file final-v5.pdb (PDB, C-alpha atoms, pLDDT in the B column)
ATOM      1  CA  LEU A  61     112.941  87.765 110.025  1.00 76.00           C
ATOM      2  CA  GLY A  62     112.754  90.522 107.420  1.00 79.00           C
ATOM      3  CA  ASN A  63     110.611  92.825 109.547  1.00 83.00           C
ATOM      4  CA  LEU A  64     112.645  91.889 112.614  1.00 88.00           C
ATOM      5  CA  MET A  65     115.800  93.058 110.840  1.00 88.00           C
ATOM      6  CA  PHE A  66     114.084  96.230 109.644  1.00 88.00           C
ATOM      7  CA  GLY A  67     113.160  97.007 113.247  1.00 91.00           C
ATOM      8  CA  TYR A  68     116.623  96.140 114.531  1.00 91.00           C
ATOM      9  CA  HIS A  69     118.457  98.399 112.096  1.00 90.00           C
ATOM     10  CA  SER A  70     115.883 101.160 112.621  1.00 89.00           C
ATOM     11  CA  GLY A  71     116.656 101.214 116.339  1.00 90.00           C
ATOM     12  CA  VAL A  72     120.316 100.211 116.475  1.00 90.00           C
ATOM     13  CA  LEU A  73     121.662 103.772 116.388  1.00 88.00           C
ATOM     14  CA  ASN A  74     119.423 104.998 119.210  1.00 85.00           C
ATOM     15  CA  ALA A  75     121.809 103.639 121.812  1.00 81.00           C
ATOM     16  CA  SER A  76     125.024 103.892 119.834  1.00 87.00           C
ATOM     17  CA  LEU A  77     124.900 107.055 117.690  1.00 88.00           C
ATOM     18  CA  SER A  78     126.964 109.175 120.067  1.00 86.00           C
ATOM     19  CA  SER A  79     129.684 106.499 120.246  1.00 87.00           C
ATOM     20  CA  VAL A  80     129.676 106.047 116.470  1.00 91.00           C
ATOM     21  CA  ALA A  81     129.967 109.814 116.000  1.00 91.00           C
ATOM     22  CA  GLN A  82     132.836 109.997 118.483  1.00 89.00           C
ATOM     23  CA  ASP A  83     134.790 107.140 116.920  1.00 90.00           C
ATOM     24  CA  LEU A  84     134.254 108.219 113.314  1.00 91.00           C
ATOM     25  CA  GLY A  85     134.949 111.891 113.940  1.00 89.00           C
ATOM     26  CA  PHE A  86     131.618 113.652 113.552  1.00 91.00           C
ATOM     27  CA  ALA A  87     130.666 114.163 117.205  1.00 88.00           C
ATOM     28  CA  GLY A  88     128.955 117.502 117.709  1.00 86.00           C
ATOM     29  CA  ASN A  89     127.786 117.690 114.098  1.00 91.00           C
ATOM     30  CA  SER A  90     124.039 117.236 114.467  1.00 91.00           C
ATOM     31  CA  LEU A  91     123.455 117.509 110.722  1.00 94.00           C
ATOM     32  CA  LEU A  92     125.711 114.539 109.966  1.00 93.00           C
ATOM     33  CA  GLN A  93     124.236 112.548 112.830  1.00 93.00           C
ATOM     34  CA  SER A  94     120.734 113.180 111.496  1.00 93.00           C
ATOM     35  CA  GLY A  95     121.904 112.221 108.017  1.00 94.00           C
ATOM     36  CA  ILE A  96     123.333 108.904 109.244  1.00 94.00           C
ATOM     37  CA  VAL A  97     119.941 108.052 110.728  1.00 92.00           C
ATOM     38  CA  ALA A  98     117.940 109.350 107.762  1.00 94.00           C
ATOM     39  CA  ILE A  99     119.960 107.559 105.074  1.00 96.00           C
ATOM     40  CA  PHE A 100     118.702 104.221 106.388  1.00 95.00           C
ATOM     41  CA  VAL A 101     115.108 105.426 106.011  1.00 94.00           C
ATOM     42  CA  LEU A 102     115.896 106.635 102.484  1.00 96.00           C
ATOM     43  CA  GLY A 103     117.316 103.228 101.608  1.00 96.00           C
ATOM     44  CA  GLY A 104     114.256 101.555 103.138  1.00 94.00           C
ATOM     45  CA  ALA A 105     111.920 103.670 101.016  1.00 95.00           C
ATOM     46  CA  ILE A 106     113.861 102.827  97.847  1.00 96.00           C
ATOM     47  CA  GLY A 107     114.009  99.123  98.723  1.00 95.00           C
ATOM     48  CA  ALA A 108     110.306  98.929  99.533  1.00 94.00           C
ATOM     49  CA  THR A 109     109.393 100.791  96.332  1.00 96.00           C
ATOM     50  CA  ALA A 110     111.576  98.535  94.174  1.00 95.00           C
ATOM     51  CA  ALA A 111     110.486  95.312  95.888  1.00 93.00           C
ATOM     52  CA  PRO A 112     107.259  94.650  93.897  1.00 92.00           C
ATOM     53  CA  ALA A 113     109.095  94.825  90.559  1.00 94.00           C
ATOM     54  CA  VAL A 114     111.848  92.538  91.860  1.00 92.00           C
ATOM     55  CA  MET A 115     109.265  90.092  93.248  1.00 91.00           C
ATOM     56  CA  ASP A 116     107.336  89.958  89.975  1.00 90.00           C
ATOM     57  CA  ARG A 117     110.474  89.406  87.936  1.00 91.00           C
ATOM     58  CA  LEU A 118     112.452  87.018  90.137  1.00 90.00           C
ATOM     59  CA  GLY A 119     109.854  85.523  92.466  1.00 86.00           C
ATOM     60  CA  ARG A 120     109.228  85.976  96.175  1.00 85.00           C
ATOM     61  CA  ARG A 121     111.936  83.634  97.436  1.00 87.00           C
ATOM     62  CA  ALA A 122     114.590  85.002  95.068  1.00 90.00           C
ATOM     63  CA  SER A 123     113.643  88.512  96.220  1.00 92.00           C
ATOM     64  CA  LEU A 124     114.412  87.510  99.797  1.00 92.00           C
ATOM     65  CA  ILE A 125     117.806  86.221  98.676  1.00 93.00           C
ATOM     66  CA  VAL A 126     118.533  89.437  96.767  1.00 94.00           C
ATOM     67  CA  ALA A 127     117.480  91.537  99.778  1.00 94.00           C
ATOM     68  CA  CYS A 128     119.784  89.609 102.117  1.00 94.00           C
ATOM     69  CA  LEU A 129     122.862  90.581 100.105  1.00 96.00           C
ATOM     70  CA  PRO A 130     122.800  94.340 100.856  1.00 96.00           C
ATOM     71  CA  LEU A 131     121.895  93.523 104.458  1.00 95.00           C
ATOM     72  CA  LEU A 132     125.010  91.378 104.815  1.00 96.00           C
ATOM     73  CA  ALA A 133     127.221  93.867 102.988  1.00 97.00           C
ATOM     74  CA  GLY A 134     125.785  96.820 104.903  1.00 97.00           C
ATOM     75  CA  SER A 135     126.233  95.130 108.272  1.00 95.00           C
ATOM     76  CA  ALA A 136     129.868  94.328 107.466  1.00 96.00           C
ATOM     77  CA  MET A 137     130.547  97.844 106.171  1.00 96.00           C
ATOM     78  CA  CYS A 138     129.089  99.452 109.290  1.00 95.00           C
ATOM     79  CA  ALA A 139     130.876  97.030 111.621  1.00 92.00           C
ATOM     80  CA  PHE A 140     134.306  97.585 110.096  1.00 92.00           C
ATOM     81  CA  SER A 141     134.034 101.147 108.781  1.00 93.00           C
ATOM     82  CA  GLY A 142     136.746 103.629 109.573  1.00 91.00           C
ATOM     83  CA  THR A 143     135.149 106.626 107.883  1.00 94.00           C
ATOM     84  CA  ILE A 144     131.753 108.262 107.950  1.00 94.00           C
ATOM     85  CA  SER A 145     131.327 107.768 104.183  1.00 95.00           C
ATOM     86  CA  LEU A 146     131.780 103.997 104.475  1.00 96.00           C
ATOM     87  CA  PHE A 147     129.433 103.870 107.453  1.00 96.00           C
ATOM     88  CA  ALA A 148     126.809 105.933 105.608  1.00 96.00           C
ATOM     89  CA  SER A 149     127.098 103.662 102.559  1.00 97.00           C
ATOM     90  CA  GLY A 150     126.578 100.666 104.816  1.00 96.00           C
ATOM     91  CA  ARG A 151     123.496 102.268 106.351  1.00 96.00           C
ATOM     92  CA  LEU A 152     122.099 102.939 102.882  1.00 97.00           C
ATOM     93  CA  LEU A 153     122.605  99.295 101.899  1.00 97.00           C
ATOM     94  CA  LEU A 154     120.976  98.160 105.135  1.00 96.00           C
ATOM     95  CA  GLY A 155     117.966 100.296 104.315  1.00 95.00           C
ATOM     96  CA  LEU A 156     117.714  98.897 100.781  1.00 96.00           C
ATOM     97  CA  GLY A 157     117.794  95.315 102.031  1.00 95.00           C
ATOM     98  CA  ALA A 158     115.483  95.861 104.980  1.00 93.00           C
ATOM     99  CA  GLY A 159     112.985  97.816 102.867  1.00 93.00           C
ATOM    100  CA  CYS A 160     112.830  95.064 100.268  1.00 93.00           C
ATOM    101  CA  LEU A 161     112.474  92.388 102.960  1.00 91.00           C
ATOM    102  CA  SER A 162     109.682  94.318 104.644  1.00 89.00           C
ATOM    103  CA  VAL A 163     107.610  93.937 101.468  1.00 90.00           C
ATOM    104  CA  ALA A 164     108.772  90.574 100.086  1.00 89.00           C
ATOM    105  CA  GLY A 165     108.626  88.681 103.385  1.00 85.00           C
ATOM    106  CA  PRO A 166     104.993  89.452 104.299  1.00 82.00           C
ATOM    107  CA  SER A 167     103.929  88.966 100.659  1.00 83.00           C
ATOM    108  CA  LEU A 168     105.411  85.467 100.560  1.00 80.00           C
ATOM    109  CA  ALA A 169     103.993  84.609 103.980  1.00 78.00           C
ATOM    110  CA  ALA A 170     100.522  85.784 102.930  1.00 78.00           C
ATOM    111  CA  GLU A 171     100.621  83.655  99.777  1.00 79.00           C
ATOM    112  CA  LEU A 172     101.742  80.563 101.691  1.00 76.00           C
ATOM    113  CA  ALA A 173      99.469  80.958 104.723  1.00 73.00           C
ATOM    114  CA  PRO A 174      96.080  79.210 104.982  1.00 72.00           C
ATOM    115  CA  GLY A 175      93.163  81.564 104.415  1.00 68.00           C
ATOM    116  CA  ASP A 176      91.911  81.416 107.995  1.00 69.00           C
ATOM    117  CA  VAL A 177      95.153  82.804 109.455  1.00 72.00           C
ATOM    118  CA  ARG A 178      96.175  85.154 106.668  1.00 68.00           C
ATOM    119  CA  GLY A 179      94.691  88.199 108.380  1.00 70.00           C
ATOM    120  CA  GLN A 180      96.743  87.583 111.511  1.00 74.00           C
ATOM    121  CA  LEU A 181      99.969  88.004 109.560  1.00 72.00           C
ATOM    122  CA  SER A 182      99.570  91.778 109.596  1.00 69.00           C
ATOM    123  CA  SER A 183      99.822  91.749 113.384  1.00 79.00           C
ATOM    124  CA  ILE A 184     102.781  89.350 113.271  1.00 83.00           C
ATOM    125  CA  THR A 185     104.776  91.571 110.914  1.00 80.00           C
ATOM    126  CA  ARG A 186     104.166  94.612 113.111  1.00 82.00           C
ATOM    127  CA  PHE A 187     105.130  92.598 116.187  1.00 88.00           C
ATOM    128  CA  ALA A 188     108.329  91.472 114.427  1.00 88.00           C
ATOM    129  CA  PHE A 189     109.258  95.082 113.633  1.00 88.00           C
ATOM    130  CA  VAL A 190     108.711  96.244 117.205  1.00 91.00           C
ATOM    131  CA  SER A 191     110.604  93.199 118.500  1.00 92.00           C
ATOM    132  CA  GLY A 192     113.526  94.146 116.276  1.00 90.00           C
ATOM    133  CA  VAL A 193     113.604  97.668 117.703  1.00 91.00           C
ATOM    134  CA  LEU A 194     113.455  96.224 121.227  1.00 92.00           C
ATOM    135  CA  ALA A 195     116.237  93.751 120.416  1.00 91.00           C
ATOM    136  CA  SER A 196     118.496  96.582 119.252  1.00 89.00           C
ATOM    137  CA  PHE A 197     118.092  98.304 122.626  1.00 87.00           C
ATOM    138  CA  MET A 198     118.552  95.088 124.594  1.00 89.00           C
ATOM    139  CA  ALA A 199     121.675  94.138 122.626  1.00 87.00           C
ATOM    140  CA  ALA A 200     123.497  97.360 123.503  1.00 83.00           C
ATOM    141  CA  GLY A 201     124.498  96.271 127.036  1.00 79.00           C
ATOM    142  CA  PRO A 202     125.819  92.792 126.136  1.00 81.00           C
ATOM    143  CA  ALA A 203     127.453  94.269 123.028  1.00 76.00           C
ATOM    144  CA  GLN A 204     129.635  96.469 125.185  1.00 75.00           C
ATOM    145  CA  SER A 205     130.858  93.434 127.139  1.00 76.00           C
ATOM    146  CA  LEU A 206     131.312  91.359 123.989  1.00 69.00           C
ATOM    147  CA  ALA A 207     133.295  94.108 122.297  1.00 65.00           C
ATOM    148  CA  LEU A 208     135.752  94.203 125.168  1.00 67.00           C
ATOM    149  CA  GLU A 209     136.566  90.539 124.514  1.00 70.00           C
ATOM    150  CA  TRP A 210     136.869  91.146 120.763  1.00 65.00           C
ATOM    151  CA  GLY A 211     138.963  94.277 121.297  1.00 62.00           C
ATOM    152  CA  MET A 212     136.766  96.513 119.160  1.00 65.00           C
ATOM    153  CA  ASP A 213     134.543  99.570 119.610  1.00 81.00           C
ATOM    154  CA  TRP A 214     131.397  98.311 121.335  1.00 83.00           C
ATOM    155  CA  TRP A 215     128.940  99.642 118.746  1.00 88.00           C
ATOM    156  CA  ARG A 216     130.594  97.630 115.986  1.00 89.00           C
ATOM    157  CA  SER A 217     129.493  94.392 117.620  1.00 86.00           C
ATOM    158  CA  LEU A 218     125.850  95.499 117.233  1.00 89.00           C
ATOM    159  CA  PHE A 219     126.302  95.242 113.478  1.00 92.00           C
ATOM    160  CA  VAL A 220     128.301  92.009 113.645  1.00 89.00           C
ATOM    161  CA  ILE A 221     125.483  90.421 115.689  1.00 88.00           C
ATOM    162  CA  SER A 222     122.930  91.411 113.053  1.00 91.00           C
ATOM    163  CA  ILE A 223     124.652  89.241 110.450  1.00 93.00           C
ATOM    164  CA  ALA A 224     123.421  86.020 112.123  1.00 92.00           C
ATOM    165  CA  PRO A 225     119.645  86.339 111.470  1.00 91.00           C
ATOM    166  CA  THR A 226     120.322  87.539 107.930  1.00 93.00           C
ATOM    167  CA  LEU A 227     122.433  84.439 107.295  1.00 94.00           C
ATOM    168  CA  MET A 228     119.655  82.275 108.761  1.00 93.00           C
ATOM    169  CA  LEU A 229     117.131  83.753 106.343  1.00 91.00           C
ATOM    170  CA  LEU A 230     119.504  83.509 103.386  1.00 93.00           C
ATOM    171  CA  THR A 231     120.352  79.881 104.191  1.00 93.00           C
ATOM    172  CA  SER A 232     116.694  78.893 104.540  1.00 89.00           C
ATOM    173  CA  CYS A 233     115.953  80.385 101.117  1.00 86.00           C
ATOM    174  CA  LEU A 234     118.984  78.857  99.387  1.00 90.00           C
ATOM    175  CA  ALA A 235     118.344  75.439 100.974  1.00 88.00           C
ATOM    176  CA  GLY A 236     114.724  75.418  99.816  1.00 80.00           C
ATOM    177  CA  ILE A 237     113.308  75.426 103.347  1.00 83.00           C
ATOM    178  CA  CYS A 238     111.426  78.567 102.365  1.00 80.00           C
ATOM    179  CA  PRO A 239     109.291  77.639  99.307  1.00 81.00           C
ATOM    180  CA  GLU A 240     108.413  79.859  96.372  1.00 80.00           C
ATOM    181  CA  ALA A 241     104.973  81.460  96.257  1.00 77.00           C
ATOM    182  CA  PRO A 242     102.564  79.145  94.400  1.00 77.00           C
ATOM    183  CA  GLY A 243     100.763  82.066  92.746  1.00 77.00           C
ATOM    184  CA  TRP A 244     103.988  83.325  91.188  1.00 76.00           C
ATOM    185  CA  LEU A 245     104.886  79.818  89.999  1.00 79.00           C
ATOM    186  CA  ALA A 246     101.436  79.346  88.443  1.00 80.00           C
ATOM    187  CA  ARG A 247     101.650  82.679  86.606  1.00 80.00           C
ATOM    188  CA  ARG A 248     104.964  81.534  85.137  1.00 79.00           C
ATOM    189  CA  GLY A 249     103.402  78.314  83.850  1.00 79.00           C
ATOM    190  CA  ARG A 250     105.076  76.186  86.532  1.00 80.00           C
ATOM    191  CA  VAL A 251     101.780  74.694  87.643  1.00 78.00           C
ATOM    192  CA  LYS A 252     103.189  71.386  88.855  1.00 82.00           C
ATOM    193  CA  GLU A 253     105.657  73.158  91.164  1.00 80.00           C
ATOM    194  CA  ALA A 254     102.855  75.368  92.455  1.00 78.00           C
ATOM    195  CA  GLU A 255     100.746  72.315  93.262  1.00 78.00           C
ATOM    196  CA  GLU A 256     103.652  70.721  95.107  1.00 79.00           C
ATOM    197  CA  VAL A 257     104.021  73.804  97.309  1.00 72.00           C
ATOM    198  CA  LEU A 258     100.309  73.720  98.127  1.00 72.00           C
ATOM    199  CA  MET A 259     100.362  70.043  99.115  1.00 70.00           C
TER     200      MET A 259
END
call {"tool": "encode", "arguments": {"input": "final-v5.pdb", "output": "structure tokens"}}
result
Amino acid sequence: LGNLMFGYHSGVLNASLSSVAQDLGFAGNSLLQSGIVAIFVLGGAIGATAAPAVMDRLGRRASLIVACLPLLAGSAMCAFSGTISLFASGRLLLGLGAGCLSVAGPSLAAELAPGDVRGQLSSITRFAFVSGVLASFMAAGPAQSLALEWGMDWWRSLFVISIAPTLMLLTSCLAGICPEAPGWLARRGRVKEAEEVLM
């Protein structure tokens, strides 16, 4: 889900940037429009760079939980923003969360996966990213119809929709459905817990 969300938020402005710019008052300003797109990438780079330190300190599962928080906050900020500064801040938070997830998610999956399928995970993460980009394009049409029912600008619903998979990931981590990486547990002296995960 982490790479899916990274792909989704990478592509979500492709269909909606002109509408966002019109509604938030920066239509015709190509510099600001470029900045709104680029700030997500900046956040992603920071999140991905910080992810290994967070994973080593808190664990893989806790890192996923931490990464979900800026994703949720960023989605809400973008969905309900009335100014370009609030929207840009939301995009930055989305980048931070998605960047961290793009590192923590595959790392946890690789540590939990059996050795004979571990190599295939690289393809799965790339497929998830591309699927997220595709989903952002495919959601644009239904989002316009949905927004009419909600009485809001259509592009806002694209960000509201993105909250659902983030909540699914967060819930699975908090509920213990997603286990902690056994290697991290073993390095922390929690050998019994690590063995339980491997069973």
call {"tool": "atom_distance", "arguments": {"input": "final-v5.pdb", "atom1": "CA of Arg248 in chain A", "atom2": "CA of Thr109 in chain A"}}
result
22.7 Å
call {"tool": "resolve_selection", "arguments": {"input": "final-v5.pdb", "expression": "the PyMOL selection byres ((chain A and resi 255) around 12)", "output": "list in words"}}
result
Leu172, Pro239, Glu240, Ala241, Pro242, Gly243, Trp244, Leu245, Ala246, Gly249, Arg250, Val251, Lys252, Glu253, Ala254, Glu256, Val257, Leu258 and Met259 of chain A
call {"tool": "resolve_selection", "arguments": {"input": "final-v5.pdb", "expression": "the PyMOL selection byres ((chain A and resi 96) around 12)", "output": "ChimeraX atom specification"}}
result
/A:69-70,72-74,76-78,80-81,84,86,89-95,97-103,138,144-152,154-155
call {"tool": "closest_residue", "arguments": {"input": "final-v5.pdb", "among": "A:Ala173, A:Gly142, A:Gln180, A:Leu64", "to": "Gln82 in chain A", "atoms": "only C-alpha atoms"}}
result
A:Gly142
call {"tool": "closest_residue", "arguments": {"input": "final-v5.pdb", "among": "A:Ala164, A:Leu132, A:Met65, A:Ala113", "to": "Ser196 in chain A", "atoms": "all atoms listed in the file"}}
result
A:Met65
call {"tool": "residues_near_point", "arguments": {"input": "final-v5.pdb", "point": "(121.2, 101.7, 127.4)", "cutoff": "7 Å", "atoms": "all atoms listed in the file", "output": "list in words"}}
result
Ala75, Phe197, Ala200 and Gly201 of chain A
call {"tool": "atom_distance", "arguments": {"input": "final-v5.pdb", "atom1": "CA of Ala108 in chain A", "atom2": "CA of Val163 in chain A"}}
result
6.0 Å
call {"tool": "residues_around", "arguments": {"input": "final-v5.pdb", "residues": "Arg121 in chain A", "least_positions_apart": "6", "cutoff": "10 Å", "atoms": "all atoms listed in the file", "output": "MDAnalysis selection string"}}
result
chainID A and resid 115 127 164:165 168 230 232:234 236 238:241
call {"tool": "closest_residue", "arguments": {"input": "final-v5.pdb", "among": "A:Val220, A:Ala105, A:Ala87, A:Met228", "to": "Gly134 in chain A", "atoms": "only C-alpha atoms"}}
result
A:Val220
call {"tool": "atom_distance", "arguments": {"input": "final-v5.pdb", "atom1": "CA of Ala136 in chain A", "atom2": "CA of Asp213 in chain A"}}
result
14.0 Å
call {"tool": "closest_residue", "arguments": {"input": "final-v5.pdb", "among": "A:Gly157, A:Gly119, A:Pro174, A:Pro112", "to": "Ala133 in chain A", "atoms": "all atoms listed in the file"}}
result
A:Gly157
call {"tool": "closest_residue", "arguments": {"input": "final-v5.pdb", "among": "A:Leu194, A:Leu218, A:Met137, A:Val126", "to": "Gly159 in chain A", "atoms": "all atoms listed in the file"}}
result
A:Val126
call {"tool": "closest_residue", "arguments": {"input": "final-v5.pdb", "among": "A:Gly104, A:Gly67, A:Pro130, A:Gly62", "to": "Ser191 in chain A", "atoms": "only C-alpha atoms"}}
result
A:Gly67
call {"tool": "decode", "arguments": {"input": "final-v5.pdb", "residues": "range 145-235 of chain A", "atoms": "C-alpha atoms", "output": "PDB file, in the first residue's frame"}}
result
ATOM      1  CA  SER A 145       0.199  27.758   1.319  1.00  0.00           C
ATOM      2  CA  LEU A 146      -2.017  25.211   3.084  1.00  0.00           C
ATOM      3  CA  PHE A 147      -2.206  23.088  -0.056  1.00  0.00           C
ATOM      4  CA  ALA A 148       1.580  23.220  -0.500  1.00  0.00           C
ATOM      5  CA  SER A 149       2.090  22.239   3.149  1.00  0.00           C
ATOM      6  CA  GLY A 150      -0.242  19.302   2.624  1.00  0.00           C
ATOM      7  CA  ARG A 151       1.694  18.225  -0.460  1.00  0.00           C
ATOM      8  CA  LEU A 152       4.943  18.396   1.502  1.00  0.00           C
ATOM      9  CA  LEU A 153       3.484  16.193   4.243  1.00  0.00           C
ATOM     10  CA  LEU A 154       2.195  13.748   1.640  1.00  0.00           C
ATOM     11  CA  GLY A 155       5.686  13.509   0.205  1.00  0.00           C
ATOM     12  CA  LEU A 156       7.244  12.904   3.627  1.00  0.00           C
ATOM     13  CA  GLY A 157       4.815  10.094   4.404  1.00  0.00           C
ATOM     14  CA  ALA A 158       4.930   8.498   0.972  1.00  0.00           C
ATOM     15  CA  GLY A 159       8.734   8.676   0.838  1.00  0.00           C
ATOM     16  CA  CYS A 160       9.063   6.974   4.207  1.00  0.00           C
ATOM     17  CA  LEU A 161       6.517   4.308   3.236  1.00  0.00           C
ATOM     18  CA  SER A 162       8.323   3.637  -0.028  1.00  0.00           C
ATOM     19  CA  VAL A 163      11.374   2.541   1.978  1.00  0.00           C
ATOM     20  CA  ALA A 164       9.831   1.040   5.131  1.00  0.00           C
ATOM     21  CA  GLY A 165       7.156  -1.012   3.363  1.00  0.00           C
ATOM     22  CA  PRO A 166       9.438  -2.959   0.990  1.00  0.00           C
ATOM     23  CA  SER A 167      12.026  -3.398   3.769  1.00  0.00           C
ATOM     24  CA  LEU A 168       9.466  -5.009   6.073  1.00  0.00           C
ATOM     25  CA  ALA A 169       8.058  -7.142   3.260  1.00  0.00           C
ATOM     26  CA  ALA A 170      11.548  -8.354   2.317  1.00  0.00           C
ATOM     27  CA  GLU A 171      12.312  -9.336   5.915  1.00  0.00           C
ATOM     28  CA  LEU A 172       9.025 -11.218   6.283  1.00  0.00           C
ATOM     29  CA  ALA A 173       8.996 -12.914   2.871  1.00  0.00           C
ATOM     30  CA  PRO A 174      10.326 -16.457   2.337  1.00  0.00           C
ATOM     31  CA  GLY A 175      13.708 -16.517   0.624  1.00  0.00           C
ATOM     32  CA  ASP A 176      12.424 -18.043  -2.604  1.00  0.00           C
ATOM     33  CA  VAL A 177      10.037 -15.152  -3.321  1.00  0.00           C
ATOM     34  CA  ARG A 178      12.037 -12.278  -1.881  1.00  0.00           C
ATOM     35  CA  GLY A 179      13.461 -11.276  -5.254  1.00  0.00           C
ATOM     36  CA  GLN A 180       9.990 -10.924  -6.744  1.00  0.00           C
ATOM     37  CA  LEU A 181       9.130  -8.185  -4.264  1.00  0.00           C
ATOM     38  CA  SER A 182      11.123  -5.657  -6.274  1.00  0.00           C
ATOM     39  CA  SER A 183       8.759  -6.151  -9.203  1.00  0.00           C
ATOM     40  CA  ILE A 184       5.720  -5.984  -6.911  1.00  0.00           C
ATOM     41  CA  THR A 185       6.756  -2.644  -5.413  1.00  0.00           C
ATOM     42  CA  ARG A 186       7.308  -1.159  -8.869  1.00  0.00           C
ATOM     43  CA  PHE A 187       3.957  -2.541 -10.011  1.00  0.00           C
ATOM     44  CA  ALA A 188       2.291  -0.998  -6.939  1.00  0.00           C
ATOM     45  CA  PHE A 189       3.789   2.414  -7.741  1.00  0.00           C
ATOM     46  CA  VAL A 190       2.639   2.318 -11.358  1.00  0.00           C
ATOM     47  CA  SER A 191      -0.790   1.076 -10.248  1.00  0.00           C
ATOM     48  CA  GLY A 192      -1.044   4.053  -7.913  1.00  0.00           C
ATOM     49  CA  VAL A 193      -0.291   6.473 -10.746  1.00  0.00           C
ATOM     50  CA  LEU A 194      -2.886   4.713 -12.914  1.00  0.00           C
ATOM     51  CA  ALA A 195      -5.439   4.828 -10.089  1.00  0.00           C
ATOM     52  CA  SER A 196      -4.985   8.590  -9.751  1.00  0.00           C
ATOM     53  CA  PHE A 197      -5.859   9.035 -13.433  1.00  0.00           C
ATOM     54  CA  MET A 198      -8.787   6.621 -13.278  1.00  0.00           C
ATOM     55  CA  ALA A 199     -10.201   8.281 -10.152  1.00  0.00           C
ATOM     56  CA  ALA A 200     -10.446  11.704 -11.791  1.00  0.00           C
ATOM     57  CA  GLY A 201     -13.658  10.955 -13.737  1.00  0.00           C
ATOM     58  CA  PRO A 202     -15.639   9.390 -10.859  1.00  0.00           C
ATOM     59  CA  ALA A 203     -14.271  12.069  -8.524  1.00  0.00           C
ATOM     60  CA  GLN A 204     -15.968  14.756 -10.563  1.00  0.00           C
ATOM     61  CA  SER A 205     -19.320  12.975 -10.219  1.00  0.00           C
ATOM     62  CA  LEU A 206     -18.772  12.264  -6.528  1.00  0.00           C
ATOM     63  CA  ALA A 207     -17.866  15.874  -5.825  1.00  0.00           C
ATOM     64  CA  LEU A 208     -21.132  17.060  -7.312  1.00  0.00           C
ATOM     65  CA  GLU A 209     -22.998  14.986  -4.717  1.00  0.00           C
ATOM     66  CA  TRP A 210     -20.763  16.264  -1.906  1.00  0.00           C
ATOM     67  CA  GLY A 211     -21.036  19.856  -3.132  1.00  0.00           C
ATOM     68  CA  MET A 212     -17.291  20.442  -3.279  1.00  0.00           C
ATOM     69  CA  ASP A 213     -14.638  21.183  -5.906  1.00  0.00           C
ATOM     70  CA  TRP A 214     -14.090  17.914  -7.767  1.00  0.00           C
ATOM     71  CA  TRP A 215     -10.326  17.737  -7.201  1.00  0.00           C
ATOM     72  CA  ARG A 216     -10.784  17.788  -3.434  1.00  0.00           C
ATOM     73  CA  SER A 217     -12.477  14.398  -3.545  1.00  0.00           C
ATOM     74  CA  LEU A 218      -9.285  12.913  -5.045  1.00  0.00           C
ATOM     75  CA  PHE A 219      -7.547  13.648  -1.757  1.00  0.00           C
ATOM     76  CA  VAL A 220     -10.486  12.528   0.384  1.00  0.00           C
ATOM     77  CA  ILE A 221     -10.495   9.174  -1.459  1.00  0.00           C
ATOM     78  CA  SER A 222      -6.798   8.689  -0.722  1.00  0.00           C
ATOM     79  CA  ILE A 223      -7.465   8.640   3.020  1.00  0.00           C
ATOM     80  CA  ALA A 224      -9.085   5.173   2.825  1.00  0.00           C
ATOM     81  CA  PRO A 225      -6.014   3.063   1.875  1.00  0.00           C
ATOM     82  CA  THR A 226      -3.879   4.987   4.359  1.00  0.00           C
ATOM     83  CA  LEU A 227      -6.370   4.172   7.115  1.00  0.00           C
ATOM     84  CA  MET A 228      -6.340   0.516   6.030  1.00  0.00           C
ATOM     85  CA  LEU A 229      -2.562   0.375   6.365  1.00  0.00           C
ATOM     86  CA  LEU A 230      -2.574   2.235   9.676  1.00  0.00           C
ATOM     87  CA  THR A 231      -5.286  -0.035  11.099  1.00  0.00           C
ATOM     88  CA  SER A 232      -3.475  -3.205  10.027  1.00  0.00           C
ATOM     89  CA  CYS A 233      -0.316  -2.006  11.780  1.00  0.00           C
ATOM     90  CA  LEU A 234      -2.071  -0.875  14.966  1.00  0.00           C
ATOM     91  CA  ALA A 235      -4.132  -4.089  15.141  1.00  0.00           C
TER      92      ALA A 235
END
